[in-house]
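Participant: One structure, as structure tokens, below. Some questions next.
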Amino acid sequence: MKSTAFPLNPMLLLGVPAIDKEHGELARQLDALVANPQDQPDSANFLETLSQLGVQINTHFNNEERLFKSLGMPEALVSSHLQAHTDILVQYTQLNMDIMQKEVPDRTDVLKLIKNWIIEHIVRHDLTIRDYLPTRKVSVD
């Protein structure tokens, strides 16, 4: 599925174009799940979007982790951020396992979980990176 840019609230922008673009894409995927209430967590459309979301989350975390190394962030902050990444990946894996084992969670609960992965992670963790950015735009490529 070809995606279009999803505008994030400017207050949620980090100032790193690649990371901001990834945040927008993750938010767009969440919006796609919310916008299709007929799609239950075990439906083909939901599972396809969830799979795409997993790939994007992994890519995003890898890019963030490269960014951490380039910014010289304090070890405690990096550790906290990495733990948050691990927690999300564990939850993502558990959600997929539950669905594969036909223990399909409630759609509302799944959407809350995904929203937490994306929006809460940006607010609680990713925005802390701002304090370590140089004044110019940073590339993670």
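Please note that chains go A, B, ... in the order of the structure tokens, that every chain numbers its residues from 1, and that ligands are numbered from 1 in the order shown.
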Quick one: which range 31-119 of chain A residues come within 8 Å of range 124-130 of chain A, and what is the nearest atom pair for each with the distance in Å to one decimal, counting only C-alpha atoms, rows ordered by chain and ascending number, as CSV?
Facilitator:
```
residue,atom,partner,partner_atom,distance
A:Phe68,CA,A:Ile129,CA,8.0
A:Met73,CA,A:Ile129,CA,7.9
A:His81,CA,A:His125,CA,6.1
A:Ala84,CA,A:His125,CA,8.0
```
Participant: DSSP says helix (DSSP H, G or I) for which residues of range 6-109 of chain A? Put them as a PDB file with C-alpha atoms, in the first residue's frame?
Facilitator:
```pdb
ATOM      1  CA  PRO A  10       4.037  20.368  15.094  1.00  0.00           C
ATOM      2  CA  MET A  11       4.612  20.025  18.844  1.00  0.00           C
ATOM      3  CA  LEU A  12       5.413  16.337  18.223  1.00  0.00           C
ATOM      4  CA  PRO A  17      13.262  14.953   9.068  1.00  0.00           C
ATOM      5  CA  ALA A  18      13.680  11.175   8.708  1.00  0.00           C
ATOM      6  CA  ILE A  19      12.448  10.487  12.246  1.00  0.00           C
ATOM      7  CA  ASP A  20       9.571  12.972  11.902  1.00  0.00           C
ATOM      8  CA  LYS A  21       8.549  11.279   8.639  1.00  0.00           C
ATOM      9  CA  GLU A  22       8.595   7.883  10.375  1.00  0.00           C
ATOM     10  CA  HIS A  23       6.501   9.241  13.242  1.00  0.00           C
ATOM     11  CA  GLY A  24       4.000  10.530  10.698  1.00  0.00           C
ATOM     12  CA  GLU A  25       3.852   7.169   8.944  1.00  0.00           C
ATOM     13  CA  LEU A  26       3.341   5.311  12.232  1.00  0.00           C
ATOM     14  CA  ALA A  27       0.534   7.707  13.151  1.00  0.00           C
ATOM     15  CA  ARG A  28      -0.988   7.217   9.690  1.00  0.00           C
ATOM     16  CA  GLN A  29      -1.013   3.447  10.210  1.00  0.00           C
ATOM     17  CA  LEU A  30      -2.766   3.910  13.551  1.00  0.00           C
ATOM     18  CA  ASP A  31      -5.282   6.200  11.857  1.00  0.00           C
ATOM     19  CA  ALA A  32      -5.888   3.542   9.175  1.00  0.00           C
ATOM     20  CA  LEU A  33      -6.701   0.985  11.868  1.00  0.00           C
ATOM     21  CA  VAL A  34      -9.021   3.358  13.712  1.00  0.00           C
ATOM     22  CA  ALA A  44      -6.950  -9.826   6.849  1.00  0.00           C
ATOM     23  CA  ASN A  45      -6.902  -6.023   6.493  1.00  0.00           C
ATOM     24  CA  PHE A  46      -6.092  -5.470  10.161  1.00  0.00           C
ATOM     25  CA  LEU A  47      -3.357  -8.115  10.104  1.00  0.00           C
ATOM     26  CA  GLU A  48      -1.814  -6.619   6.950  1.00  0.00           C
ATOM     27  CA  THR A  49      -1.707  -3.165   8.556  1.00  0.00           C
ATOM     28  CA  LEU A  50      -0.354  -4.649  11.785  1.00  0.00           C
ATOM     29  CA  SER A  51       2.392  -6.393   9.812  1.00  0.00           C
ATOM     30  CA  GLN A  52       3.321  -3.166   8.020  1.00  0.00           C
ATOM     31  CA  LEU A  53       3.318  -1.402  11.364  1.00  0.00           C
ATOM     32  CA  GLY A  54       5.752  -3.970  12.765  1.00  0.00           C
ATOM     33  CA  VAL A  55       8.185  -3.406   9.900  1.00  0.00           C
ATOM     34  CA  GLN A  56       7.921   0.361  10.348  1.00  0.00           C
ATOM     35  CA  ILE A  57       8.426   0.136  14.103  1.00  0.00           C
ATOM     36  CA  ASN A  58      11.584  -1.944  13.637  1.00  0.00           C
ATOM     37  CA  THR A  59      12.950   0.446  11.021  1.00  0.00           C
ATOM     38  CA  HIS A  60      12.117   3.430  13.196  1.00  0.00           C
ATOM     39  CA  PHE A  61      13.791   1.943  16.272  1.00  0.00           C
ATOM     40  CA  ASN A  62      16.928   1.108  14.281  1.00  0.00           C
ATOM     41  CA  ASN A  63      17.091   4.657  12.936  1.00  0.00           C
ATOM     42  CA  GLU A  64      16.564   6.135  16.399  1.00  0.00           C
ATOM     43  CA  GLU A  65      19.277   3.941  17.854  1.00  0.00           C
ATOM     44  CA  ARG A  66      21.734   5.148  15.181  1.00  0.00           C
ATOM     45  CA  LEU A  67      20.726   8.700  16.049  1.00  0.00           C
ATOM     46  CA  PHE A  68      21.397   8.132  19.769  1.00  0.00           C
ATOM     47  CA  LYS A  69      24.948   7.068  18.983  1.00  0.00           C
ATOM     48  CA  SER A  70      25.572  10.189  16.924  1.00  0.00           C
ATOM     49  CA  LEU A  71      24.277  12.594  19.583  1.00  0.00           C
ATOM     50  CA  GLU A  75      23.666   6.457  28.972  1.00  0.00           C
ATOM     51  CA  ALA A  76      20.691   6.453  31.373  1.00  0.00           C
ATOM     52  CA  LEU A  77      18.483   8.189  28.816  1.00  0.00           C
ATOM     53  CA  VAL A  78      19.596   5.860  26.038  1.00  0.00           C
ATOM     54  CA  SER A  79      18.984   2.830  28.286  1.00  0.00           C
ATOM     55  CA  SER A  80      15.487   4.050  29.120  1.00  0.00           C
ATOM     56  CA  HIS A  81      14.745   4.594  25.447  1.00  0.00           C
ATOM     57  CA  LEU A  82      16.099   1.181  24.468  1.00  0.00           C
ATOM     58  CA  GLN A  83      14.022  -0.453  27.203  1.00  0.00           C
ATOM     59  CA  ALA A  84      10.922   1.267  25.824  1.00  0.00           C
ATOM     60  CA  HIS A  85      11.778  -0.126  22.368  1.00  0.00           C
ATOM     61  CA  THR A  86      12.160  -3.610  23.834  1.00  0.00           C
ATOM     62  CA  ASP A  87       8.860  -3.330  25.708  1.00  0.00           C
ATOM     63  CA  ILE A  88       7.007  -2.334  22.544  1.00  0.00           C
ATOM     64  CA  LEU A  89       8.567  -5.149  20.524  1.00  0.00           C
ATOM     65  CA  VAL A  90       7.643  -7.686  23.221  1.00  0.00           C
ATOM     66  CA  GLN A  91       4.052  -6.402  23.250  1.00  0.00           C
ATOM     67  CA  TYR A  92       3.926  -6.471  19.450  1.00  0.00           C
ATOM     68  CA  THR A  93       5.154 -10.070  19.419  1.00  0.00           C
ATOM     69  CA  GLN A  94       2.668 -11.082  22.120  1.00  0.00           C
ATOM     70  CA  LEU A  95      -0.202  -9.472  20.226  1.00  0.00           C
ATOM     71  CA  ASN A  96       0.724 -11.403  17.086  1.00  0.00           C
ATOM     72  CA  MET A  97       1.056 -14.643  19.061  1.00  0.00           C
ATOM     73  CA  ASP A  98      -2.350 -14.121  20.663  1.00  0.00           C
ATOM     74  CA  ILE A  99      -3.969 -13.566  17.272  1.00  0.00           C
ATOM     75  CA  MET A 100      -2.183 -16.597  15.755  1.00  0.00           C
ATOM     76  CA  ARG A 107     -10.342  -4.273  19.082  1.00  0.00           C
ATOM     77  CA  THR A 108     -10.533  -1.310  21.468  1.00  0.00           C
ATOM     78  CA  ASP A 109      -7.786  -2.779  23.653  1.00  0.00           C
TER      79      ASP A 109
END
```
Participant: Would you mind reading off the distance between CA of Ile118 in chain A and CA of Ala35 in chain A, one decimal, in Å?
Facilitator: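 Between CA of Ile118 in chain A and CA of Ala35 in chain A the gap is 16.3 Å.
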Participant: Rounded to one decimal place, report the CA of Val16 in chain A-CA of His121 in chain A distance in Å.
Facilitator: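 Computing the Euclidean distance for CA of Val16 in chain A and CA of His121 in chain A yields 16.1 Å.
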Participant: Taking into account only C-alpha atoms, which residue in the set A:Gly15, A:Asn116, A:Asn36, A:Leu111 is nearest to Thr135 in chain A?
Facilitator: A:Gly15
Participant: Hey, can you check how far CA of Val110 in chain A sits from CA of Pro41 in chain A?
Facilitator: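 Distance between the two atoms: 7.4 Å.
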